[in-house]
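Shown below: run-v6.cif, with mmCIF, C-alpha atoms; chains and numbers go by the auth columns.
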```cif
data_entry
loop_
_atom_site.group_PDB
_atom_site.id
_atom_site.type_symbol
_atom_site.label_atom_id
_atom_site.label_comp_id
_atom_site.label_asym_id
_atom_site.label_seq_id
_atom_site.Cartn_x
_atom_site.Cartn_y
_atom_site.Cartn_z
_atom_site.B_iso_or_equiv
_atom_site.auth_seq_id
_atom_site.auth_asym_id
ATOM 1 C CA MET A 1 5.534 -43.604 41.235 0.00 1441 A
ATOM 2 C CA ARG A 2 3.685 -42.726 38.039 0.00 1442 A
ATOM 3 C CA ILE A 3 4.903 -39.501 36.407 0.00 1443 A
ATOM 4 C CA LEU A 4 3.262 -37.548 33.584 0.00 1444 A
ATOM 5 C CA LEU A 5 5.563 -35.291 31.549 0.00 1445 A
ATOM 6 C CA VAL A 6 4.278 -32.269 29.627 0.00 1446 A
ATOM 7 C CA ASN A 7 5.810 -29.130 28.140 0.00 1447 A
ATOM 8 C CA ASP A 8 5.064 -26.127 25.961 0.00 1448 A
ATOM 9 C CA ASP A 9 8.051 -26.385 23.586 0.00 1449 A
ATOM 10 C CA GLY A 10 6.618 -29.374 21.746 0.00 1450 A
ATOM 11 C CA ILE A 11 7.023 -33.133 21.488 0.00 1451 A
ATOM 12 C CA HIS A 12 10.395 -32.859 19.721 0.00 1452 A
ATOM 13 C CA ALA A 13 11.921 -30.262 22.075 0.00 1453 A
ATOM 14 C CA PRO A 14 15.363 -31.077 23.530 0.00 1454 A
ATOM 15 C CA GLY A 15 14.130 -29.998 26.960 0.00 1455 A
ATOM 16 C CA LEU A 16 11.519 -32.743 26.956 0.00 1456 A
ATOM 17 C CA GLY A 17 14.324 -35.259 26.465 0.00 1457 A
ATOM 18 C CA VAL A 18 16.127 -33.701 29.432 0.00 1458 A
ATOM 19 C CA LEU A 19 12.940 -33.950 31.492 0.00 1459 A
ATOM 20 C CA GLU A 20 12.598 -37.615 30.613 0.00 1460 A
ATOM 21 C CA GLU A 21 16.188 -38.224 31.776 0.00 1461 A
ATOM 22 C CA ILE A 22 15.337 -36.517 35.074 0.00 1462 A
ATOM 23 C CA ALA A 23 12.111 -38.494 35.488 0.00 1463 A
ATOM 24 C CA ARG A 24 13.798 -41.836 34.822 0.00 1464 A
ATOM 25 C CA GLU A 25 16.071 -41.256 37.804 0.00 1465 A
ATOM 26 C CA LEU A 26 12.881 -41.237 39.882 0.00 1466 A
ATOM 27 C CA SER A 27 10.701 -43.918 38.277 0.00 1467 A
ATOM 28 C CA ASP A 28 10.274 -46.213 35.279 0.00 1468 A
ATOM 29 C CA ASP A 29 6.525 -45.495 35.039 0.00 1469 A
ATOM 30 C CA ILE A 30 6.763 -42.477 32.729 0.00 1470 A
ATOM 31 C CA TRP A 31 4.038 -41.098 30.450 0.00 1471 A
ATOM 32 C CA ILE A 32 4.425 -38.202 28.019 0.00 1472 A
ATOM 33 C CA VAL A 33 1.754 -35.954 26.474 0.00 1473 A
ATOM 34 C CA ALA A 34 3.122 -32.875 24.702 0.00 1474 A
ATOM 35 C CA PRO A 35 1.973 -30.387 22.055 0.00 1475 A
ATOM 36 C CA ASP A 36 2.717 -31.344 18.450 0.00 1476 A
ATOM 37 C CA VAL A 37 4.289 -27.900 17.875 0.00 1477 A
ATOM 38 C CA GLU A 38 5.706 -25.222 20.156 0.00 1478 A
ATOM 39 C CA ARG A 39 3.080 -23.508 22.322 0.00 1479 A
ATOM 40 C CA SER A 40 5.284 -21.110 24.292 0.00 1480 A
ATOM 41 C CA GLY A 41 3.388 -18.255 25.904 0.00 1481 A
ATOM 42 C CA ALA A 42 0.105 -20.166 25.795 0.00 1482 A
ATOM 43 C CA SER A 43 -0.463 -19.647 29.529 0.00 1483 A
ATOM 44 C CA ARG A 44 -3.560 -21.570 30.678 0.00 1484 A
ATOM 45 C CA ALA A 45 -5.298 -21.526 27.296 0.00 1485 A
ATOM 46 C CA LEU A 46 -7.814 -24.288 26.623 0.00 1486 A
ATOM 47 C CA THR A 47 -8.838 -25.469 23.171 0.00 1487 A
ATOM 48 C CA LEU A 48 -12.617 -25.081 23.275 0.00 1488 A
ATOM 49 C CA THR A 49 -13.703 -24.230 19.716 0.00 1489 A
ATOM 50 C CA ASP A 50 -11.653 -26.750 17.702 0.00 1490 A
ATOM 51 C CA PRO A 51 -11.214 -30.514 17.995 0.00 1491 A
ATOM 52 C CA ILE A 52 -7.953 -31.703 19.554 0.00 1492 A
ATOM 53 C CA ARG A 53 -6.092 -34.318 17.545 0.00 1493 A
ATOM 54 C CA VAL A 54 -3.884 -36.843 19.339 0.00 1494 A
ATOM 55 C CA ARG A 55 -1.102 -38.906 17.775 0.00 1495 A
ATOM 56 C CA LYS A 56 0.125 -42.021 19.577 0.00 1496 A
ATOM 57 C CA ILE A 57 3.896 -42.297 19.223 0.00 1497 A
ATOM 58 C CA ASP A 58 4.284 -45.348 21.443 0.00 1498 A
ATOM 59 C CA ASP A 59 2.417 -46.953 24.336 0.00 1499 A
ATOM 60 C CA ARG A 60 3.201 -44.125 26.765 0.00 1500 A
ATOM 61 C CA ARG A 61 4.047 -41.204 24.500 0.00 1501 A
ATOM 62 C CA TYR A 62 1.536 -38.941 22.751 0.00 1502 A
ATOM 63 C CA SER A 63 1.476 -35.606 20.949 0.00 1503 A
ATOM 64 C CA CYS A 64 -1.608 -33.434 20.658 0.00 1504 A
ATOM 65 C CA SER A 65 -2.691 -30.412 18.666 0.00 1505 A
ATOM 66 C CA GLY A 66 -3.613 -28.464 21.782 0.00 1506 A
ATOM 67 C CA THR A 67 -2.013 -26.436 24.545 0.00 1507 A
ATOM 68 C CA PRO A 68 -0.032 -27.570 27.608 0.00 1508 A
ATOM 69 C CA THR A 69 -3.233 -27.377 29.662 0.00 1509 A
ATOM 70 C CA ASP A 70 -4.988 -29.568 27.080 0.00 1510 A
ATOM 71 C CA CYS A 71 -2.117 -32.066 27.358 0.00 1511 A
ATOM 72 C CA VAL A 72 -2.558 -32.413 31.116 0.00 1512 A
ATOM 73 C CA LEU A 73 -6.320 -32.780 30.834 0.00 1513 A
ATOM 74 C CA LEU A 74 -6.077 -35.408 28.096 0.00 1514 A
ATOM 75 C CA GLY A 75 -3.307 -37.254 29.891 0.00 1515 A
ATOM 76 C CA VAL A 76 -5.005 -37.456 33.275 0.00 1516 A
ATOM 77 C CA LEU A 77 -8.568 -37.994 32.062 0.00 1517 A
ATOM 78 C CA ASP A 78 -7.997 -40.350 29.137 0.00 1518 A
ATOM 79 C CA LEU A 79 -4.535 -41.204 27.802 0.00 1519 A
ATOM 80 C CA VAL A 80 -2.771 -42.396 30.965 0.00 1520 A
ATOM 81 C CA LYS A 81 -4.356 -45.769 31.564 0.00 1521 A
ATOM 82 C CA GLY A 82 -5.093 -47.163 34.994 0.00 1522 A
ATOM 83 C CA LYS A 83 -4.376 -45.000 38.007 0.00 1523 A
ATOM 84 C CA LYS A 84 -3.818 -41.269 37.564 0.00 1524 A
ATOM 85 C CA PRO A 85 -0.279 -39.846 37.800 0.00 1525 A
ATOM 86 C CA ASP A 86 1.318 -39.328 41.201 0.00 1526 A
ATOM 87 C CA LEU A 87 3.410 -36.425 39.905 0.00 1527 A
ATOM 88 C CA ILE A 88 3.397 -34.045 36.940 0.00 1528 A
ATOM 89 C CA LEU A 89 6.632 -32.532 35.657 0.00 1529 A
ATOM 90 C CA SER A 90 6.364 -29.721 33.116 0.00 1530 A
ATOM 91 C CA GLY A 91 9.375 -28.644 31.029 0.00 1531 A
ATOM 92 C CA VAL A 92 12.263 -28.493 30.890 0.00 1532 A
ATOM 93 C CA ASN A 93 11.541 -25.165 29.240 0.00 1533 A
ATOM 94 C CA ARG A 94 14.053 -23.567 26.897 0.00 1534 A
ATOM 95 C CA GLY A 95 14.357 -20.279 28.761 0.00 1535 A
ATOM 96 C CA GLN A 96 13.606 -19.014 32.223 0.00 1536 A
ATOM 97 C CA ASN A 97 10.133 -18.576 33.692 0.00 1537 A
ATOM 98 C CA LEU A 98 10.647 -15.957 36.360 0.00 1538 A
ATOM 99 C CA ALA A 99 8.874 -12.953 37.883 0.00 1539 A
ATOM 100 C CA GLU A 100 5.979 -11.719 35.709 0.00 1540 A
ATOM 101 C CA ASP A 101 6.618 -14.407 33.085 0.00 1541 A
ATOM 102 C CA VAL A 102 4.909 -17.073 35.192 0.00 1542 A
ATOM 103 C CA THR A 103 1.498 -15.692 34.204 0.00 1543 A
ATOM 104 C CA VAL A 104 2.096 -16.276 30.473 0.00 1544 A
ATOM 105 C CA SER A 105 4.204 -19.423 30.696 0.00 1545 A
ATOM 106 C CA GLY A 106 2.775 -22.579 29.185 0.00 1546 A
ATOM 107 C CA THR A 107 5.292 -24.538 31.257 0.00 1547 A
ATOM 108 C CA VAL A 108 3.956 -23.137 34.518 0.00 1548 A
ATOM 109 C CA ALA A 109 0.398 -23.539 33.213 0.00 1549 A
ATOM 110 C CA GLY A 110 0.900 -27.269 32.728 0.00 1550 A
ATOM 111 C CA ALA A 111 1.923 -27.577 36.363 0.00 1551 A
ATOM 112 C CA VAL A 112 -0.985 -25.397 37.499 0.00 1552 A
ATOM 113 C CA GLN A 113 -3.463 -27.632 35.680 0.00 1553 A
ATOM 114 C CA GLY A 114 -1.969 -30.659 37.390 0.00 1554 A
ATOM 115 C CA MET A 115 -2.296 -28.942 40.752 0.00 1555 A
ATOM 116 C CA GLN A 116 -5.919 -28.098 39.991 0.00 1556 A
ATOM 117 C CA MET A 117 -6.552 -31.805 39.391 0.00 1557 A
ATOM 118 C CA GLY A 118 -5.074 -32.715 42.770 0.00 1558 A
ATOM 119 C CA ILE A 119 -1.667 -33.919 41.545 0.00 1559 A
ATOM 120 C CA PRO A 120 1.636 -32.560 42.923 0.00 1560 A
ATOM 121 C CA SER A 121 3.180 -30.632 40.040 0.00 1561 A
ATOM 122 C CA ILE A 122 6.529 -29.006 39.294 0.00 1562 A
ATOM 123 C CA ALA A 123 7.481 -26.646 36.453 0.00 1563 A
ATOM 124 C CA LEU A 124 11.143 -26.714 35.384 0.00 1564 A
ATOM 125 C CA SER A 125 12.960 -24.187 33.178 0.00 1565 A
ATOM 126 C CA GLN A 126 16.543 -23.723 31.985 0.00 1566 A
ATOM 127 C CA THR A 127 17.861 -20.149 31.920 0.00 1567 A
ATOM 128 C CA ILE A 128 19.214 -18.916 28.578 0.00 1568 A
ATOM 129 C CA ASP A 129 20.882 -15.704 27.431 0.00 1569 A
ATOM 130 C CA TYR A 130 18.356 -14.476 24.844 0.00 1570 A
ATOM 131 C CA ASP A 131 20.281 -11.335 23.964 0.00 1571 A
ATOM 132 C CA HIS A 132 23.367 -13.019 22.587 0.00 1572 A
ATOM 133 C CA GLY A 133 21.699 -15.784 20.601 0.00 1573 A
ATOM 134 C CA LYS A 134 23.390 -18.565 22.531 0.00 1574 A
ATOM 135 C CA GLU A 135 22.254 -22.141 22.207 0.00 1575 A
ATOM 136 C CA CYS A 136 20.549 -23.427 25.321 0.00 1576 A
ATOM 137 C CA ASP A 137 23.020 -25.309 27.527 0.00 1577 A
ATOM 138 C CA TRP A 138 21.135 -28.093 29.304 0.00 1578 A
ATOM 139 C CA THR A 139 24.097 -29.243 31.403 0.00 1579 A
ATOM 140 C CA ILE A 140 22.924 -27.866 34.741 0.00 1580 A
ATOM 141 C CA SER A 141 19.326 -29.057 34.433 0.00 1581 A
ATOM 142 C CA LYS A 142 20.585 -32.512 33.388 0.00 1582 A
ATOM 143 C CA GLN A 143 23.068 -32.750 36.243 0.00 1583 A
ATOM 144 C CA THR A 144 20.934 -31.294 39.025 0.00 1584 A
ATOM 145 C CA GLY A 145 17.299 -31.750 37.996 0.00 1585 A
ATOM 146 C CA ALA A 146 16.698 -35.139 39.595 0.00 1586 A
ATOM 147 C CA GLU A 147 18.336 -34.046 42.838 0.00 1587 A
ATOM 148 C CA VAL A 148 16.168 -30.920 43.022 0.00 1588 A
ATOM 149 C CA VAL A 149 12.979 -32.894 42.385 0.00 1589 A
ATOM 150 C CA LYS A 150 13.947 -35.554 44.938 0.00 1590 A
ATOM 151 C CA ARG A 151 14.480 -32.870 47.574 0.00 1591 A
ATOM 152 C CA LEU A 152 11.135 -31.283 46.767 0.00 1592 A
ATOM 153 C CA LEU A 153 9.315 -34.596 47.033 0.00 1593 A
ATOM 154 C CA LYS A 154 10.508 -34.955 50.627 0.00 1594 A
ATOM 155 C CA HIS A 155 8.158 -32.092 51.507 0.00 1595 A
ATOM 156 C CA LYS A 156 4.371 -32.278 51.519 0.00 1596 A
ATOM 157 C CA TRP A 157 3.431 -28.915 50.080 0.00 1597 A
ATOM 158 C CA SER A 158 -0.082 -27.505 49.956 0.00 1598 A
ATOM 159 C CA SER A 159 -2.489 -28.997 47.416 0.00 1599 A
ATOM 160 C CA LYS A 160 -3.090 -25.433 46.164 0.00 1600 A
ATOM 161 C CA THR A 161 0.590 -24.848 45.380 0.00 1601 A
ATOM 162 C CA VAL A 162 2.856 -25.592 42.416 0.00 1602 A
ATOM 163 C CA MET A 163 6.640 -25.524 42.461 0.00 1603 A
ATOM 164 C CA ASN A 164 8.433 -23.380 39.897 0.00 1604 A
ATOM 165 C CA VAL A 165 12.069 -24.417 39.406 0.00 1605 A
ATOM 166 C CA ASN A 166 14.530 -22.376 37.345 0.00 1606 A
ATOM 167 C CA PHE A 167 18.026 -23.653 36.633 0.00 1607 A
ATOM 168 C CA PRO A 168 20.759 -21.007 36.176 0.00 1608 A
ATOM 169 C CA ASP A 169 23.104 -21.087 33.172 0.00 1609 A
ATOM 170 C CA PHE A 170 26.108 -21.328 35.507 0.00 1610 A
ATOM 171 C CA LEU A 171 26.719 -22.615 39.032 0.00 1611 A
ATOM 172 C CA LYS A 172 28.153 -20.292 41.642 0.00 1612 A
ATOM 173 C CA ASP A 173 31.646 -21.560 42.543 0.00 1613 A
ATOM 174 C CA GLY A 174 30.841 -24.668 40.500 0.00 1614 A
ATOM 175 C CA GLN A 175 28.675 -26.030 43.322 0.00 1615 A
ATOM 176 C CA LEU A 176 24.971 -26.817 43.379 0.00 1616 A
ATOM 177 C CA ALA A 177 23.145 -24.238 45.451 0.00 1617 A
ATOM 178 C CA ILE A 178 19.356 -24.291 45.748 0.00 1618 A
ATOM 179 C CA GLU A 179 17.443 -21.317 47.119 0.00 1619 A
ATOM 180 C CA ALA A 180 13.795 -21.084 48.134 0.00 1620 A
ATOM 181 C CA THR A 181 12.651 -17.814 46.564 0.00 1621 A
ATOM 182 C CA HIS A 182 9.654 -15.575 46.109 0.00 1622 A
ATOM 183 C CA GLN A 183 8.332 -14.470 42.735 0.00 1623 A
ATOM 184 C CA GLY A 184 10.307 -11.415 41.757 0.00 1624 A
ATOM 185 C CA ALA A 185 9.450 -8.274 39.805 0.00 1625 A
ATOM 186 C CA ARG A 186 11.650 -6.735 37.152 0.00 1626 A
ATOM 187 C CA ASP A 187 12.637 -3.117 37.638 0.00 1627 A
ATOM 188 C CA GLU A 188 12.609 -2.606 33.857 0.00 1628 A
ATOM 189 C CA ASP A 189 10.454 -3.954 31.042 0.00 1629 A
ATOM 190 C CA VAL A 190 12.387 -6.542 29.026 0.00 1630 A
ATOM 191 C CA ASN A 191 9.823 -7.121 26.281 0.00 1631 A
ATOM 192 C CA HIS A 192 11.047 -6.387 22.787 0.00 1632 A
ATOM 193 C CA VAL A 193 9.189 -5.676 19.530 0.00 1633 A
ATOM 194 C CA ASP A 194 11.035 -6.154 16.228 0.00 1634 A
ATOM 195 C CA ARG A 195 9.219 -4.667 13.230 0.00 1635 A
ATOM 196 C CA ARG A 196 10.201 -5.944 9.795 0.00 1636 A
ATOM 197 C CA ALA A 197 8.873 -5.709 6.250 0.00 1637 A
ATOM 198 C CA ASP A 198 7.988 -8.575 3.956 0.00 1638 A
ATOM 199 C CA LEU A 199 8.800 -8.659 0.224 0.00 1639 A
ATOM 200 C CA ARG A 200 5.612 -6.741 -0.538 0.00 1640 A
ATOM 201 C CA GLY A 201 6.502 -3.960 1.870 0.00 1641 A
ATOM 202 C CA ASN A 202 3.977 -4.965 4.531 0.00 1642 A
ATOM 203 C CA ASP A 203 4.999 -4.786 8.177 0.00 1643 A
ATOM 204 C CA TYR A 204 5.142 -7.837 10.414 0.00 1644 A
ATOM 205 C CA TYR A 205 6.440 -8.259 13.935 0.00 1645 A
ATOM 206 C CA TRP A 206 8.472 -10.562 16.162 0.00 1646 A
ATOM 207 C CA LEU A 207 7.947 -10.386 19.906 0.00 1647 A
ATOM 208 C CA GLY A 208 10.748 -11.352 22.255 0.00 1648 A
ATOM 209 C CA TYR A 209 12.947 -10.350 25.168 0.00 1649 A
ATOM 210 C CA ASN A 210 16.105 -8.338 25.623 0.00 1650 A
ATOM 211 C CA ASN A 211 18.732 -8.719 28.308 0.00 1651 A
ATOM 212 C CA LYS A 212 18.580 -5.378 30.100 0.00 1652 A
ATOM 213 C CA GLN A 213 20.678 -5.369 33.236 0.00 1653 A
ATOM 214 C CA LEU A 214 18.340 -5.758 36.194 0.00 1654 A
ATOM 215 C CA THR A 215 18.816 -5.232 39.908 0.00 1655 A
ATOM 216 C CA PRO A 216 16.411 -7.745 41.460 0.00 1656 A
ATOM 217 C CA GLU A 217 15.846 -7.876 45.191 0.00 1657 A
ATOM 218 C CA GLU A 218 17.437 -10.459 47.439 0.00 1658 A
ATOM 219 C CA GLY A 219 15.400 -13.596 47.945 0.00 1659 A
ATOM 220 C CA SER A 220 13.689 -13.349 44.555 0.00 1660 A
ATOM 221 C CA ASP A 221 13.744 -15.916 41.755 0.00 1661 A
ATOM 222 C CA LEU A 222 15.476 -13.369 39.516 0.00 1662 A
ATOM 223 C CA ARG A 223 18.290 -12.805 42.010 0.00 1663 A
ATOM 224 C CA ALA A 224 18.866 -16.513 42.595 0.00 1664 A
ATOM 225 C CA VAL A 225 19.469 -17.432 38.948 0.00 1665 A
ATOM 226 C CA MET A 226 21.532 -14.282 38.441 0.00 1666 A
ATOM 227 C CA ASP A 227 23.744 -15.496 41.296 0.00 1667 A
ATOM 228 C CA GLY A 228 24.119 -18.980 39.810 0.00 1668 A
ATOM 229 C CA LYS A 229 21.648 -20.735 42.099 0.00 1669 A
ATOM 230 C CA VAL A 230 18.700 -22.993 41.352 0.00 1670 A
ATOM 231 C CA SER A 231 15.531 -21.084 42.207 0.00 1671 A
ATOM 232 C CA VAL A 232 12.567 -22.933 43.750 0.00 1672 A
ATOM 233 C CA THR A 233 9.446 -20.809 44.071 0.00 1673 A
ATOM 234 C CA PRO A 234 6.114 -21.998 45.493 0.00 1674 A
ATOM 235 C CA LEU A 235 3.257 -20.471 43.486 0.00 1675 A
ATOM 236 C CA HIS A 236 -0.512 -20.394 43.813 0.00 1676 A
ATOM 237 C CA ILE A 237 -3.200 -18.996 41.547 0.00 1677 A
ATOM 238 C CA ASP A 238 -4.982 -16.755 44.049 0.00 1678 A
ATOM 239 C CA LEU A 239 -4.247 -13.376 42.430 0.00 1679 A
ATOM 240 C CA THR A 240 -6.264 -11.388 44.951 0.00 1680 A
ATOM 241 C CA ALA A 241 -4.531 -8.182 46.091 0.00 1681 A
ATOM 242 C CA LYS A 242 -5.290 -8.655 49.784 0.00 1682 A
ATOM 243 C CA LYS A 243 -4.273 -5.168 50.943 0.00 1683 A
ATOM 244 C CA VAL A 244 -6.372 -3.498 48.253 0.00 1684 A
ATOM 245 C CA LEU A 245 -9.279 -5.823 49.083 0.00 1685 A
ATOM 246 C CA SER A 246 -9.269 -4.659 52.699 0.00 1686 A
ATOM 247 C CA GLN A 247 -9.344 -1.047 51.526 0.00 1687 A
ATOM 248 C CA LEU A 248 -12.161 -1.664 49.045 0.00 1688 A
ATOM 249 C CA ALA A 249 -14.187 -3.466 51.693 0.00 1689 A
ATOM 250 C CA LYS A 250 -14.577 -0.217 53.576 0.00 1690 A
ATOM 251 C CA GLU A 251 -16.207 1.341 50.532 0.00 1691 A
ATOM 252 C CA PHE A 252 -18.136 -1.499 48.904 0.00 1692 A
ATOM 253 C CA ASN A 253 -19.242 -3.785 51.738 0.00 1693 A
ATOM 254 C CA TYR A 254 -22.368 -1.655 51.938 0.00 1694 A
ATOM 255 C CA ASN A 255 -26.014 -2.605 52.382 0.00 1695 A
ATOM 256 C CA GLY A 256 -27.644 0.820 52.720 0.00 1696 A
ATOM 257 C CA ALA A 257 -30.203 2.543 50.556 0.00 1697 A
ATOM 258 C CA VAL A 258 -29.386 3.583 46.990 0.00 1698 A
#
```

If you took the structure in this file and wrote it as structure tokens, what would it be?
Amino acid sequence: MRILLVNDDGIHAPGLGVLEEIARELSDDIWIVAPDVERSGASRALTLTDPIRVRKIDDRRYSCSGTPTDCVLLGVLDLVKGKKPDLILSGVNRGQNLAEDVTVSGTVAGAVQGMQMGIPSIALSQTIDYDHGKECDWTISKQTGAEVVKRLLKHKWSSKTVMNVNFPDFLKDGQLAIEATHQGARDEDVNHVDRRADLRGNDYYWLGYNNKQLTPEEGSDLRAVMDGKVSVTPLHIDLTAKKVLSQLAKEFNYNGAV
């Protein structure tokens, strides 16, 4: 099995090393294409108005100046020689990609681009406590990642679906528990803006997250990781609000005179 690894944290990110450990439990045909610097929050951005520079690190490892989506495109269409990958793994991200975050996540975007190109793709993220400045603990993703991926690969999921895996920062009762979940929704906004002043007195800003206590619904990705379970969420990119569409159809599916 040929596996392409991508991420949004950059070619030197610890999580990419974790992902490679996971992948090597599945295959020895591993290729890596990752951004040269961190591209978190890039979503599905494409580099269209600047050239993309690629640096070859070794025969199957490359960094590029573009986004996670660029990395997948370059890997599949040019850098991975011979047959195209059988599987794309994106991550392991430093920090969770849950609920609304999936729409801005470069990690999820890498998997989505793989899916769009007809390749089964999985996004993997390690939960971290942003509020208390803790270092990311990769233990759970290292210990359980290969097992989770192996279990997923037993199932033939839809070609229009990507799998979004989030590892908790603790295991409930010390045992691996995996839950199939739906994409959740936070009951409070957790975005944070930190305004500071430079030495000339000009304002600048840092954007980030806080750790407000949430009460997510049962069966959601948020609830699973909060309960110490690995969350596996099938995602697709059809964002159509079906109920609203049926309501609008009554008004706008109209062919009468103006």

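Using only C-alpha atoms, the residues found no farther than 6 Å from Asn1606 (chain A), other than those of its own chain fewer than 5 positions away, are Leu1564, Ser1565, Gln1566, Val1670 and Ser1671 of chain A.
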
Please identify all polymer residues within 10 Å of Ile1580 (chain A), counting all atoms listed in the file, omitting same-chain residues fewer than 3 positions from it, and present them as a PDB file with C-alpha atoms, in the coordinates of the input.
```pdb
ATOM      1  CA  GLN A1566      16.543 -23.723  31.985  1.00  0.00           C
ATOM      2  CA  THR A1567      17.861 -20.149  31.920  1.00  0.00           C
ATOM      3  CA  ASP A1577      23.020 -25.309  27.527  1.00  0.00           C
ATOM      4  CA  GLN A1583      23.068 -32.750  36.243  1.00  0.00           C
ATOM      5  CA  THR A1584      20.934 -31.294  39.025  1.00  0.00           C
ATOM      6  CA  GLY A1585      17.299 -31.750  37.996  1.00  0.00           C
ATOM      7  CA  PHE A1607      18.026 -23.653  36.633  1.00  0.00           C
ATOM      8  CA  PRO A1608      20.759 -21.007  36.176  1.00  0.00           C
ATOM      9  CA  ASP A1609      23.104 -21.087  33.172  1.00  0.00           C
ATOM     10  CA  PHE A1610      26.108 -21.328  35.507  1.00  0.00           C
ATOM     11  CA  LEU A1611      26.719 -22.615  39.032  1.00  0.00           C
ATOM     12  CA  LEU A1616      24.971 -26.817  43.379  1.00  0.00           C
ATOM     13  CA  VAL A1670      18.700 -22.993  41.352  1.00  0.00           C
TER      14      VAL A1670
END
```

**Request:** Can you work out which one of A:Gln1553, A:Ser1660, A:Thr1507, A:Gln1687 has the shortest atom-to-atom distance to Glu1540 (chain A), counting all atoms listed in the file?
**Result:** A:Ser1660

**Prompt:** Excluding same-chain residues fewer than 3 positions from Asp1661 (chain A), what lies within 7 Å of it counting all atoms listed in the file, as a list in words?
**Reply:**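 Selected residues are Leu1538, Ala1539, Thr1621, His1622, Gln1623, Gly1624, Ala1664, Val1665, Ser1671 and Thr1673 of chain A.
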
**Request:** Pick out the residues sitting within 9 Å of region 1593-1602 of chain A, and hand them over as a list in words; count all atoms listed in the file, and ignore anything fewer than 2 positions along from it in its own chain.
**Result:**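 Answer for this query is Val1548, Ala1551, Val1552, Gly1554, Met1555, Gln1556, Gly1558, Ile1559, Pro1560, Ser1561, Ile1562, Ala1563, Val1588, Val1589, Lys1590, Arg1591, Asn1604, Thr1673, Pro1674, Leu1675, His1676 and Ile1677 of chain A.
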
Edge lengths and centre in Å to one decimal, as JSON, is what I'm after for the box along x, y and z that holds all listed atoms of region 1471-1477 of chain A once 5 Å is added on each side.
```
{"center_x": 3.1, "center_y": -34.5, "center_z": 24.2, "size_x": 12.7, "size_y": 23.2, "size_z": 22.6}
```

**Request:** Please evaluate the PyMOL selection byres ((chain A and resi 1448) around 6) against the displayed coordinates and give the resulting residues as a VMD selection string.
**Result:** chain A and resid 1447 1449 to 1450 1478 to 1480 1508 1546 to 1547
